[in-house]
There are 2 protein chains.
Amino acid sequence: MFSMLYMRSVRDDRTARAVIRDEALRLFAARGPDGVSVRQIAAAAGVSPALVVHHFGSKEGLREVVDQHVLDTFDQALAEMTRPGAPGLYDPAATGSLAEAVLRHLPPDSPLPGYLRRLLLDDSEAGRTLFRRLFTVSQGVLSTLSQAGLASEGNDPAVRAAFLMANDLAVLLLRDRLTEVLGVDPFSPDGMRRWASEVIAVYGSGLLAAAPREEEP
Amino acid sequence: MFSMLYMRSVRDDRTARAVIRDEALRLFAARGPDGVSVRQIAAAAGVSPALVVHHFGSKEGLREVVDQHVLDTFDQALAEMTRPGAPGLYDPAATGSLAEAVLRHLPPDSPLPGYLRRLLLDDSEAGRTLFRRLFTVSQGVLSTLSQAGLASEGNDPAVRAAFLMANDLAVLLLRDRLTEVLGVDPFSPDGMRRWASEVIAVYGSGLLAAAPREEEP
DNA sequence: CGCGAGGCTGTACAAGTGTTTAGCATGCTG
DNA sequence: CAGCATGCTAAACACTTGTACAGCCTCGCG
């Protein structure tokens, strides 16, 4: 009666496999792989639990596919913003914040930040890969800024690059907590502005420098 | 035959209840409450699973007791190092690192840092309480340093305090990852020295300042 | 048309979960 | 001494978990 094409919603032309992957991504990001059952993923995707196993072999297999998918997506975004001539990243006024830059190119309700957060925190192979990649980028940014005379690599370039990266990631890792105590989401436009302002001030001339007058637009 | 006293090991005079609590603390820190079963906790404590429930009502009850225990222990350590006249914390050369200060007063294999890490990351009531407390301390330190002329509160004191706190916590949250890319545990004596050195440099005069010559003792 | 392949489901199973219950043994108290 | 509370265990419960199996339906190809 209904052809395969009509099995999928008119507004959703993804294959069932892709739907499962996307729903798993969303749920894994929110509750972690151990906090979500195959049945819940299947229900969210509107399929039977057995189909999940059919397409991905096992729950662990699904996790690996989602990990790789997220890593690929992230790499793509990263390549786009570190390509020669890309604006912003090497601008000292941008604080070199990778997290901020990536977030900007994502829909506000994207599950990707949450998933990346878990990758960085849980110790998985994909997480280690991601972290190494980020560290390399951080070292590259610092080196470039240094050669341009916009920053110093310090006595311990590796540690300085790690310090800057860790500070950057901290906002992603503690987002909800910071939102609570500050009363503003640090990833919202307003939050980003306020956060970046302080980061620039401290990175620019240290904690001791007197606060310059706030400029009103 | 054997009195109750001899039921406990000669070298361990804790009550069974305390043993269970401590083992739960250790296992929760390592794998998270959801990653540990009541049976595993009981086995680690050398008791039956039913005794865990007998003493704590439920697994959730046990978690709450452990949460409170950790919070109490932490508050005690915090009170000790923020008491008037305590050395170090307000010393600008100490970077005001709370994490570092607390870590120093703990045995190297203590499960407490790991548990605190989870409290900060998972969103539980105890975690929110802990985070608020830390934020208050951070605000206090910044304010004190400011009044002493050792730092500026910046245009946005709340955000600056949050920034400093988040940076501090990032090392705790990403410890394993940082250890991998740097080749040194940032909480080891050597790691602390290298990390603190860069933090002091950046907080002292910003990223741009030329690196001063490394002083050899 | 016939027929195989693949997407897909319903059912079942073994293992592990948190928790309940009944009961044992010990030490304290009347 | 009698009796009771307490610390503790073994067994069983109801439930959820991941996964295997058998079979249905529809499409595409000969």
# chains A, B, ... in the order shown; residues from 1 in each chain; ligands from 1

$ interface_residues --of "chain A" --to "chain C" --cutoff "10 Å" --atoms "only C-alpha atoms (C1' of nucleotides)" --output "PyMOL selection string"
chain A and resi 4+16+47-51+54-55

$ interface_residues --of "chain B" --to "chain A" --cutoff "9 Å" --atoms "only C-alpha atoms" --output "CSV table (one decimal) with all heavy atoms, in the first residue's frame"
chain,number,residue,atom,x,y,z
B,34,ASP,N,25.6,5.9,38.9
B,34,ASP,CA,25.0,5.0,37.9
B,34,ASP,C,25.9,3.9,37.4
B,34,ASP,O,25.4,2.9,36.9
B,34,ASP,CB,24.4,5.8,36.7
B,34,ASP,CG,23.3,6.8,37.2
B,34,ASP,OD1,22.8,6.6,38.3
B,34,ASP,OD2,22.9,7.7,36.4
B,35,GLY,N,27.1,4.1,37.6
B,35,GLY,CA,28.1,3.1,37.0
B,35,GLY,C,28.5,2.1,38.1
B,35,GLY,O,29.3,1.2,37.8
B,120,LEU,N,30.4,18.6,40.6
B,120,LEU,CA,30.4,19.9,39.8
B,120,LEU,C,29.8,19.6,38.4
B,120,LEU,O,29.1,20.5,37.8
B,120,LEU,CB,31.8,20.5,39.6
B,120,LEU,CG,32.4,21.0,40.9
B,120,LEU,CD1,33.9,21.3,40.7
B,120,LEU,CD2,31.6,22.2,41.4
B,121,LEU,N,29.9,18.4,37.9
B,121,LEU,CA,29.5,18.2,36.5
B,121,LEU,C,28.1,17.7,36.4
B,121,LEU,O,27.3,18.1,35.6
B,121,LEU,CB,30.5,17.2,35.9
B,121,LEU,CG,31.9,17.7,35.6
B,121,LEU,CD1,32.8,16.6,35.1
B,121,LEU,CD2,31.8,18.8,34.6
B,123,ASP,N,24.3,17.3,37.4
B,123,ASP,CA,23.5,18.4,38.1
B,123,ASP,C,22.7,17.9,39.2
B,123,ASP,O,21.6,17.4,39.1
B,123,ASP,CB,22.8,19.3,37.1
B,123,ASP,CG,21.4,19.3,37.1
B,123,ASP,OD1,20.8,18.4,36.5
B,123,ASP,OD2,20.8,20.2,37.7
B,127,GLY,N,25.7,19.4,44.2
B,127,GLY,CA,26.6,20.0,43.2
B,127,GLY,C,26.4,21.5,43.1
B,127,GLY,O,27.3,22.3,43.1
B,128,ARG,N,25.1,21.9,43.0
B,128,ARG,CA,24.7,23.3,42.9
B,128,ARG,C,25.2,24.1,44.1
B,128,ARG,O,25.8,25.1,44.1
B,128,ARG,CB,23.2,23.5,42.7
B,128,ARG,CG,22.8,23.5,41.2
B,128,ARG,CD,21.3,23.8,41.1
B,128,ARG,NE,20.5,22.8,41.7
B,128,ARG,CZ,20.1,21.7,41.0
B,128,ARG,NH1,20.4,21.6,39.7
B,128,ARG,NH2,19.3,20.8,41.5
B,131,PHE,N,28.9,24.5,44.0
B,131,PHE,CA,29.3,25.5,43.1
B,131,PHE,C,29.1,26.9,43.6
B,131,PHE,O,29.9,27.8,43.4
B,131,PHE,CB,28.6,25.3,41.7
B,131,PHE,CG,29.2,26.0,40.6
B,131,PHE,CD1,30.4,25.5,40.0
B,131,PHE,CD2,28.7,27.1,40.1
B,131,PHE,CE1,31.0,26.1,38.9
B,131,PHE,CE2,29.3,27.8,39.0
B,131,PHE,CZ,30.4,27.3,38.4
B,132,ARG,N,27.9,27.1,44.1
B,132,ARG,CA,27.6,28.4,44.7
B,132,ARG,C,28.6,28.8,45.7
B,132,ARG,O,29.1,30.0,45.8
B,132,ARG,CB,26.2,28.4,45.3
B,132,ARG,CG,25.1,28.8,44.3
B,132,ARG,CD,23.8,29.0,45.1
B,132,ARG,NE,23.3,27.9,45.8
B,132,ARG,CZ,22.5,27.0,45.4
B,132,ARG,NH1,21.9,27.1,44.2
B,132,ARG,NH2,22.1,26.0,46.1
B,135,PHE,N,31.8,29.8,44.2
B,135,PHE,CA,31.7,31.1,43.5
B,135,PHE,C,31.8,32.3,44.5
B,135,PHE,O,32.5,33.3,44.3
B,135,PHE,CB,30.3,31.2,42.8
B,135,PHE,CG,30.1,32.5,42.1
B,135,PHE,CD1,31.0,33.0,41.1
B,135,PHE,CD2,29.0,33.3,42.4
B,135,PHE,CE1,30.8,34.2,40.4
B,135,PHE,CE2,28.8,34.5,41.7
B,135,PHE,CZ,29.7,34.9,40.7
B,146,SER,N,41.4,43.0,45.5
B,146,SER,CA,41.2,44.3,44.9
B,146,SER,C,41.4,45.4,46.0
B,146,SER,O,42.1,46.4,45.7
B,146,SER,CB,39.8,44.4,44.4
B,146,SER,OG,39.4,45.7,44.1
B,149,GLY,N,44.8,46.2,46.6
B,149,GLY,CA,45.5,46.8,45.5
B,149,GLY,C,46.3,45.8,44.7
B,149,GLY,O,47.2,46.1,43.9
B,150,LEU,N,46.0,44.5,44.8
B,150,LEU,CA,46.7,43.4,44.1
B,150,LEU,C,46.0,43.0,42.9
B,150,LEU,O,46.6,42.2,42.1
B,150,LEU,CB,47.0,42.2,45.1
B,150,LEU,CG,47.8,42.6,46.3
B,150,LEU,CD1,47.8,41.4,47.3
B,150,LEU,CD2,49.2,42.9,45.9
B,151,ALA,N,44.8,43.4,42.7
B,151,ALA,CA,44.1,43.0,41.5
B,151,ALA,C,42.9,44.0,41.3
B,151,ALA,O,42.6,44.8,42.2
B,151,ALA,CB,43.5,41.6,41.6
B,152,SER,N,42.4,44.0,40.1
B,152,SER,CA,41.2,44.8,39.8
B,152,SER,C,40.0,43.9,39.6
B,152,SER,O,40.1,42.8,39.1
B,152,SER,CB,41.4,45.7,38.6
B,152,SER,OG,40.2,46.1,38.1
B,153,GLU,N,38.9,44.4,40.1
B,153,GLU,CA,37.7,43.6,39.9
B,153,GLU,C,37.1,43.7,38.5
B,153,GLU,O,36.1,43.0,38.1
B,153,GLU,CB,36.6,44.1,40.9
B,153,GLU,CG,36.9,43.7,42.3
B,153,GLU,CD,35.7,43.8,43.2
B,153,GLU,OE1,35.2,45.0,43.4
B,153,GLU,OE2,35.3,42.8,43.8
B,154,GLY,N,37.7,44.6,37.7
B,154,GLY,CA,37.2,44.7,36.3
B,154,GLY,C,35.9,45.4,36.2
B,154,GLY,O,35.3,45.8,37.2
B,155,ASN,N,35.4,45.4,34.9
B,155,ASN,CA,34.1,46.1,34.7
B,155,ASN,C,33.0,45.2,35.2
B,155,ASN,O,31.9,45.7,35.4
B,155,ASN,CB,34.0,46.4,33.2
B,155,ASN,CG,34.7,47.6,32.8
B,155,ASN,OD1,34.6,48.6,33.5
B,155,ASN,ND2,35.4,47.6,31.7
B,156,ASP,N,33.2,43.9,35.3
B,156,ASP,CA,32.1,43.0,35.6
B,156,ASP,C,32.6,42.0,36.6
B,156,ASP,O,33.0,40.9,36.3
B,156,ASP,CB,31.7,42.3,34.3
B,156,ASP,CG,30.4,41.7,34.4
B,156,ASP,OD1,29.9,41.3,35.5
B,156,ASP,OD2,29.7,41.5,33.3
B,157,PRO,N,32.6,42.4,37.9
B,157,PRO,CA,33.2,41.6,39.0
B,157,PRO,C,32.7,40.2,39.1
B,157,PRO,O,33.5,39.3,39.3
B,157,PRO,CB,32.9,42.4,40.3
B,157,PRO,CG,32.7,43.8,39.8
B,157,PRO,CD,32.1,43.7,38.4
B,158,ALA,N,31.4,40.1,38.9
B,158,ALA,CA,30.8,38.7,39.0
B,158,ALA,C,31.4,37.8,37.9
B,158,ALA,O,31.8,36.7,38.2
B,158,ALA,CB,29.3,38.8,38.9
B,159,VAL,N,31.4,38.3,36.7
B,159,VAL,CA,31.9,37.5,35.6
B,159,VAL,C,33.4,37.3,35.8
B,159,VAL,O,33.9,36.1,35.5
B,159,VAL,CB,31.7,38.2,34.2
B,159,VAL,CG1,32.5,37.5,33.1
B,159,VAL,CG2,30.2,38.2,33.9
B,160,ARG,N,34.2,38.3,36.2
B,160,ARG,CA,35.6,38.0,36.4
B,160,ARG,C,35.8,37.0,37.5
B,160,ARG,O,36.7,36.1,37.3
B,160,ARG,CB,36.3,39.3,36.8
B,160,ARG,CG,37.8,39.2,37.1
B,160,ARG,CD,38.6,40.5,37.1
B,160,ARG,NE,38.7,41.1,35.8
B,160,ARG,CZ,39.6,42.0,35.5
B,160,ARG,NH1,40.5,42.4,36.4
B,160,ARG,NH2,39.6,42.5,34.3
B,162,ALA,N,33.8,34.6,38.2
B,162,ALA,CA,33.4,33.3,37.6
B,162,ALA,C,34.5,32.8,36.7
B,162,ALA,O,34.8,31.6,36.6
B,162,ALA,CB,32.1,33.5,36.9
B,163,PHE,N,35.1,33.7,35.9
B,163,PHE,CA,36.1,33.4,35.0
B,163,PHE,C,37.3,32.7,35.7
B,163,PHE,O,37.8,31.7,35.3
B,163,PHE,CB,36.6,34.6,34.2
B,163,PHE,CG,37.8,34.4,33.3
B,163,PHE,CD1,37.7,33.6,32.3
B,163,PHE,CD2,38.9,35.2,33.5
B,163,PHE,CE1,38.8,33.4,31.4
B,163,PHE,CE2,40.0,35.0,32.7
B,163,PHE,CZ,40.0,34.1,31.7
B,164,LEU,N,37.7,33.4,36.8
B,164,LEU,CA,38.9,32.9,37.6
B,164,LEU,C,38.6,31.5,38.2
B,164,LEU,O,39.4,30.6,38.2
B,164,LEU,CB,39.3,33.9,38.7
B,164,LEU,CG,39.8,35.2,38.1
B,164,LEU,CD1,40.0,36.2,39.3
B,164,LEU,CD2,41.1,35.0,37.3
B,166,ALA,N,36.3,29.3,37.1
B,166,ALA,CA,36.1,28.3,36.0
B,166,ALA,C,37.5,27.8,35.6
B,166,ALA,O,37.7,26.6,35.4
B,166,ALA,CB,35.3,28.9,34.9
B,167,ASN,N,38.4,28.8,35.4
B,167,ASN,CA,39.8,28.4,35.0
B,167,ASN,C,40.4,27.5,36.0
B,167,ASN,O,41.1,26.5,35.7
B,167,ASN,CB,40.6,29.7,34.8
B,167,ASN,CG,40.2,30.6,33.7
B,167,ASN,OD1,39.2,30.2,33.0
B,167,ASN,ND2,40.8,31.7,33.6
B,168,ASP,N,40.2,27.8,37.3
B,168,ASP,CA,40.8,27.0,38.3
B,168,ASP,C,40.2,25.6,38.3
B,168,ASP,O,41.0,24.6,38.4
B,168,ASP,CB,40.4,27.7,39.7
B,168,ASP,CG,41.3,27.1,40.8
B,168,ASP,OD1,42.2,26.4,40.5
B,168,ASP,OD2,40.9,27.4,42.0
B,169,LEU,N,38.9,25.5,38.1
B,169,LEU,CA,38.3,24.2,38.2
B,169,LEU,C,38.6,23.4,36.9
B,169,LEU,O,38.6,22.1,36.9
B,169,LEU,CB,36.8,24.4,38.3
B,169,LEU,CG,36.3,24.9,39.6
B,169,LEU,CD1,34.8,25.1,39.6
B,169,LEU,CD2,36.7,24.0,40.8
B,170,ALA,N,38.9,24.1,35.8
B,170,ALA,CA,39.1,23.4,34.6
B,170,ALA,C,40.3,22.3,34.7
B,170,ALA,O,40.2,21.2,34.2
B,170,ALA,CB,39.5,24.4,33.5
B,171,VAL,N,41.2,22.7,35.5
B,171,VAL,CA,42.4,21.7,35.7
B,171,VAL,C,41.9,20.4,36.4
B,171,VAL,O,42.3,19.3,36.1
B,171,VAL,CB,43.5,22.4,36.6
B,171,VAL,CG1,44.7,21.4,36.6
B,171,VAL,CG2,43.8,23.7,36.0
B,173,LEU,N,38.7,19.3,36.3
B,173,LEU,CA,37.8,18.6,35.4
B,173,LEU,C,38.5,17.9,34.2
B,173,LEU,O,38.1,16.9,33.8
B,173,LEU,CB,36.8,19.6,34.8
B,173,LEU,CG,36.0,20.5,35.8
B,173,LEU,CD1,35.0,21.4,35.0
B,173,LEU,CD2,35.3,19.6,36.8
B,174,LEU,N,39.6,18.5,33.8
B,174,LEU,CA,40.3,17.9,32.6
B,174,LEU,C,41.7,17.3,33.0
B,174,LEU,O,42.5,17.0,32.1
B,174,LEU,CB,40.5,19.1,31.6
B,174,LEU,CG,39.3,19.7,31.0
B,174,LEU,CD1,39.6,20.9,30.2
B,174,LEU,CD2,38.5,18.6,30.1
B,176,ASP,N,42.9,14.3,33.7
B,176,ASP,CA,43.5,13.2,32.9
B,176,ASP,C,43.8,13.6,31.5
B,176,ASP,O,44.9,13.1,31.0
B,176,ASP,CB,42.4,12.1,32.9
B,176,ASP,CG,42.2,11.5,34.3
B,176,ASP,OD1,42.9,11.9,35.2
B,176,ASP,OD2,41.3,10.7,34.5
B,177,ARG,N,43.0,14.3,30.9
B,177,ARG,CA,43.2,14.7,29.5
B,177,ARG,C,44.5,15.6,29.4
B,177,ARG,O,45.3,15.4,28.5
B,177,ARG,CB,42.0,15.5,29.0
B,177,ARG,CG,40.8,14.7,28.8
B,177,ARG,CD,40.8,14.1,27.4
B,177,ARG,NE,40.6,12.7,27.5
B,177,ARG,CZ,39.4,12.1,27.4
B,177,ARG,NH1,38.3,12.9,27.4
B,177,ARG,NH2,39.2,10.8,27.5
B,178,LEU,N,44.7,16.5,30.3
B,178,LEU,CA,45.8,17.4,30.4
B,178,LEU,C,47.1,16.6,30.6
B,178,LEU,O,48.1,16.8,30.0
B,178,LEU,CB,45.7,18.5,31.4
B,178,LEU,CG,44.6,19.6,31.1
B,178,LEU,CD1,44.3,20.4,32.3
B,178,LEU,CD2,45.1,20.4,29.9
B,180,GLU,N,47.6,13.7,29.7
B,180,GLU,CA,48.0,13.0,28.5
B,180,GLU,C,48.8,13.9,27.5
B,180,GLU,O,49.8,13.5,27.0
B,180,GLU,CB,46.8,12.4,27.8
B,180,GLU,CG,47.1,11.3,26.8
B,180,GLU,CD,46.1,11.2,25.7
B,180,GLU,OE1,44.9,11.6,25.9
B,180,GLU,OE2,46.4,10.7,24.6
B,181,VAL,N,48.2,15.0,27.2
B,181,VAL,CA,48.8,15.9,26.2
B,181,VAL,C,50.1,16.6,26.7
B,181,VAL,O,51.0,16.9,25.9
B,181,VAL,CB,47.9,16.9,25.6
B,181,VAL,CG1,46.7,16.3,25.0
B,181,VAL,CG2,47.4,17.9,26.7
B,182,LEU,N,50.2,16.8,28.0
B,182,LEU,CA,51.3,17.5,28.5
B,182,LEU,C,52.4,16.6,29.0
B,182,LEU,O,53.6,17.0,29.1
B,182,LEU,CB,50.9,18.4,29.7
B,182,LEU,CG,50.1,19.6,29.4
B,182,LEU,CD1,49.7,20.4,30.7
B,182,LEU,CD2,50.8,20.6,28.4
B,194,ARG,N,54.7,24.1,37.0
B,194,ARG,CA,54.7,24.6,35.6
B,194,ARG,C,53.4,25.3,35.3
B,194,ARG,O,53.4,26.4,34.7
B,194,ARG,CB,54.9,23.4,34.6
B,194,ARG,CG,56.3,22.8,34.7
B,194,ARG,CD,56.4,21.6,33.7
B,194,ARG,NE,56.1,22.0,32.3
B,194,ARG,CZ,56.0,21.1,31.3
B,194,ARG,NH1,56.3,19.8,31.6
B,194,ARG,NH2,55.7,21.4,30.1
B,195,TRP,N,52.3,24.7,35.8
B,195,TRP,CA,51.0,25.3,35.5
B,195,TRP,C,50.9,26.7,36.2
B,195,TRP,O,50.6,27.7,35.6
B,195,TRP,CB,49.9,24.4,36.0
B,195,TRP,CG,48.5,24.8,35.5
B,195,TRP,CD1,47.6,25.6,36.1
B,195,TRP,CD2,47.9,24.4,34.3
B,195,TRP,NE1,46.5,25.8,35.4
B,195,TRP,CE2,46.6,25.0,34.2
B,195,TRP,CE3,48.3,23.6,33.2
B,195,TRP,CZ2,45.8,24.8,33.1
B,195,TRP,CZ3,47.4,23.4,32.2
B,195,TRP,CH2,46.2,24.0,32.1
B,197,SER,N,53.2,28.7,37.2
B,197,SER,CA,54.1,29.6,36.6
B,197,SER,C,53.4,30.4,35.4
B,197,SER,O,53.5,31.6,35.3
B,197,SER,CB,55.3,28.9,36.1
B,197,SER,OG,56.1,29.8,35.3
B,198,GLU,N,52.7,29.7,34.5
B,198,GLU,CA,52.1,30.3,33.4
B,198,GLU,C,50.9,31.1,33.9
B,198,GLU,O,50.6,32.2,33.3
B,198,GLU,CB,51.7,29.3,32.4
B,198,GLU,CG,52.8,28.7,31.5
B,198,GLU,CD,53.6,29.8,30.8
B,198,GLU,OE1,53.0,30.8,30.3
B,198,GLU,OE2,54.9,29.8,30.9
B,199,VAL,N,50.1,30.6,34.8
B,199,VAL,CA,49.0,31.3,35.3
B,199,VAL,C,49.4,32.6,35.9
B,199,VAL,O,48.8,33.7,35.6
B,199,VAL,CB,48.2,30.5,36.4
B,199,VAL,CG1,47.1,31.3,37.0
B,199,VAL,CG2,47.7,29.2,35.8
B,201,ALA,N,52.0,34.3,35.2
B,201,ALA,CA,52.5,35.2,34.2
B,201,ALA,C,51.3,35.9,33.5
B,201,ALA,O,51.3,37.1,33.3
B,201,ALA,CB,53.3,34.4,33.2
B,202,VAL,N,50.3,35.1,33.1
B,202,VAL,CA,49.2,35.7,32.3
B,202,VAL,C,48.4,36.6,33.2
B,202,VAL,O,48.0,37.7,32.8
B,202,VAL,CB,48.3,34.5,31.8
B,202,VAL,CG1,47.1,35.1,31.1
B,202,VAL,CG2,49.1,33.7,30.8
B,203,TYR,N,48.0,36.1,34.4
B,203,TYR,CA,47.3,36.9,35.3
B,203,TYR,C,48.0,38.2,35.7
B,203,TYR,O,47.5,39.2,36.0
B,203,TYR,CB,46.9,36.2,36.6
B,203,TYR,CG,45.8,35.1,36.4
B,203,TYR,CD1,45.4,34.2,37.4
B,203,TYR,CD2,45.1,35.0,35.1
B,203,TYR,CE1,44.4,33.3,37.2
B,203,TYR,CE2,44.1,34.1,34.9
B,203,TYR,CZ,43.8,33.2,36.0
B,203,TYR,OH,42.8,32.3,35.8
B,204,GLY,N,49.3,38.0,35.8
B,204,GLY,CA,50.2,39.2,36.2
B,204,GLY,C,50.2,40.3,35.2
B,204,GLY,O,50.0,41.5,35.5
B,205,SER,N,50.4,40.0,34.0
B,205,SER,CA,50.6,41.1,33.0
B,205,SER,C,50.0,40.7,31.6
B,205,SER,O,50.4,41.4,30.6
B,205,SER,CB,52.0,41.5,32.9
B,205,SER,OG,52.9,40.4,32.9
B,206,GLY,N,49.2,39.7,31.5
B,206,GLY,CA,48.6,39.4,30.2
B,206,GLY,C,49.4,38.5,29.3
B,206,GLY,O,50.5,38.1,29.6
B,207,LEU,N,48.8,38.2,28.2
B,207,LEU,CA,49.4,37.3,27.2
B,207,LEU,C,50.6,38.0,26.5
B,207,LEU,O,51.5,37.3,26.0
B,207,LEU,CB,48.4,36.8,26.2
B,207,LEU,CG,47.5,35.7,26.6
B,207,LEU,CD1,46.5,35.4,25.5
B,207,LEU,CD2,48.3,34.4,27.0
B,208,LEU,N,50.5,39.3,26.4
B,208,LEU,CA,51.4,40.0,25.5
B,208,LEU,C,52.8,40.2,26.0
B,208,LEU,O,53.8,40.2,25.3
B,208,LEU,CB,50.8,41.3,25.1
B,208,LEU,CG,51.3,42.0,23.8
B,208,LEU,CD1,50.9,41.1,22.6
B,208,LEU,CD2,50.7,43.3,23.6
B,209,ALA,N,52.9,40.2,27.4
B,209,ALA,CA,54.1,40.5,28.0
B,209,ALA,C,55.2,39.5,27.6
B,209,ALA,O,54.9,38.3,27.5
B,209,ALA,CB,54.0,40.5,29.5
B,210,ALA,N,56.4,40.0,27.4
B,210,ALA,CA,57.5,39.1,27.0
B,210,ALA,C,57.8,38.2,28.2
B,210,ALA,O,57.7,38.6,29.4
B,210,ALA,CB,58.8,40.0,26.7
B,211,ALA,N,58.2,37.0,27.9
B,211,ALA,CA,58.5,36.0,28.9
B,211,ALA,C,59.8,36.4,29.6
B,211,ALA,O,60.8,36.7,29.0
B,211,ALA,CB,58.7,34.7,28.3
B,212,PRO,N,59.7,36.6,31.0
B,212,PRO,CA,61.0,36.9,31.7
B,212,PRO,C,61.8,35.7,31.7
B,212,PRO,O,61.4,34.5,31.5
B,212,PRO,CB,60.4,37.2,33.1
B,212,PRO,CG,59.2,36.4,33.2
B,212,PRO,CD,58.6,36.4,31.8
B,213,ARG,N,63.1,35.9,32.0
B,213,ARG,CA,64.0,34.7,32.1
B,213,ARG,C,63.6,33.8,33.2
B,213,ARG,O,63.3,34.2,34.3
B,213,ARG,CB,65.5,35.2,32.3
B,213,ARG,CG,66.5,34.1,32.2
B,213,ARG,CD,67.8,34.6,31.5
B,213,ARG,NE,67.5,35.3,30.2
B,213,ARG,CZ,67.3,34.6,29.1
B,213,ARG,NH1,67.3,33.3,29.1
B,213,ARG,NH2,67.0,35.2,28.0
B,214,GLU,N,63.6,32.5,32.9
B,214,GLU,CA,63.3,31.5,33.9
B,214,GLU,C,64.4,31.5,34.9
B,214,GLU,O,65.5,31.5,34.7
B,214,GLU,CB,63.2,30.1,33.2
B,214,GLU,CG,62.8,29.0,34.1
B,214,GLU,CD,61.3,28.8,34.1
B,214,GLU,OE1,60.6,29.4,33.2
B,214,GLU,OE2,60.8,28.2,35.0

$ interface_residues --of "chain D" --to "chain A" --cutoff "12 Å" --atoms "only C-alpha atoms (C1' of nucleotides)" --output "list in words"
DT16, DT17, DG18, DT19, DA20, DC21, DC25, DT26 and DC27 of chain D

$ atom_distance --atom1 "atom CA of B:His69" --atom2 "atom CA of B:Leu103"
17.3 Å

$ select_by_dssp --residues "stretch 21-217 of chain A" --states "alpha helix (DSSP H)" --output "ChimeraX atom specification"
/A:21-31,38-45,49-56,59-82,98-104,112-121,125-147,157-173,175-182,189-205

$ atom_distance --atom1 "atom CA of A:Leu27" --atom2 "atom CA of A:Phe187"
20.9 Å
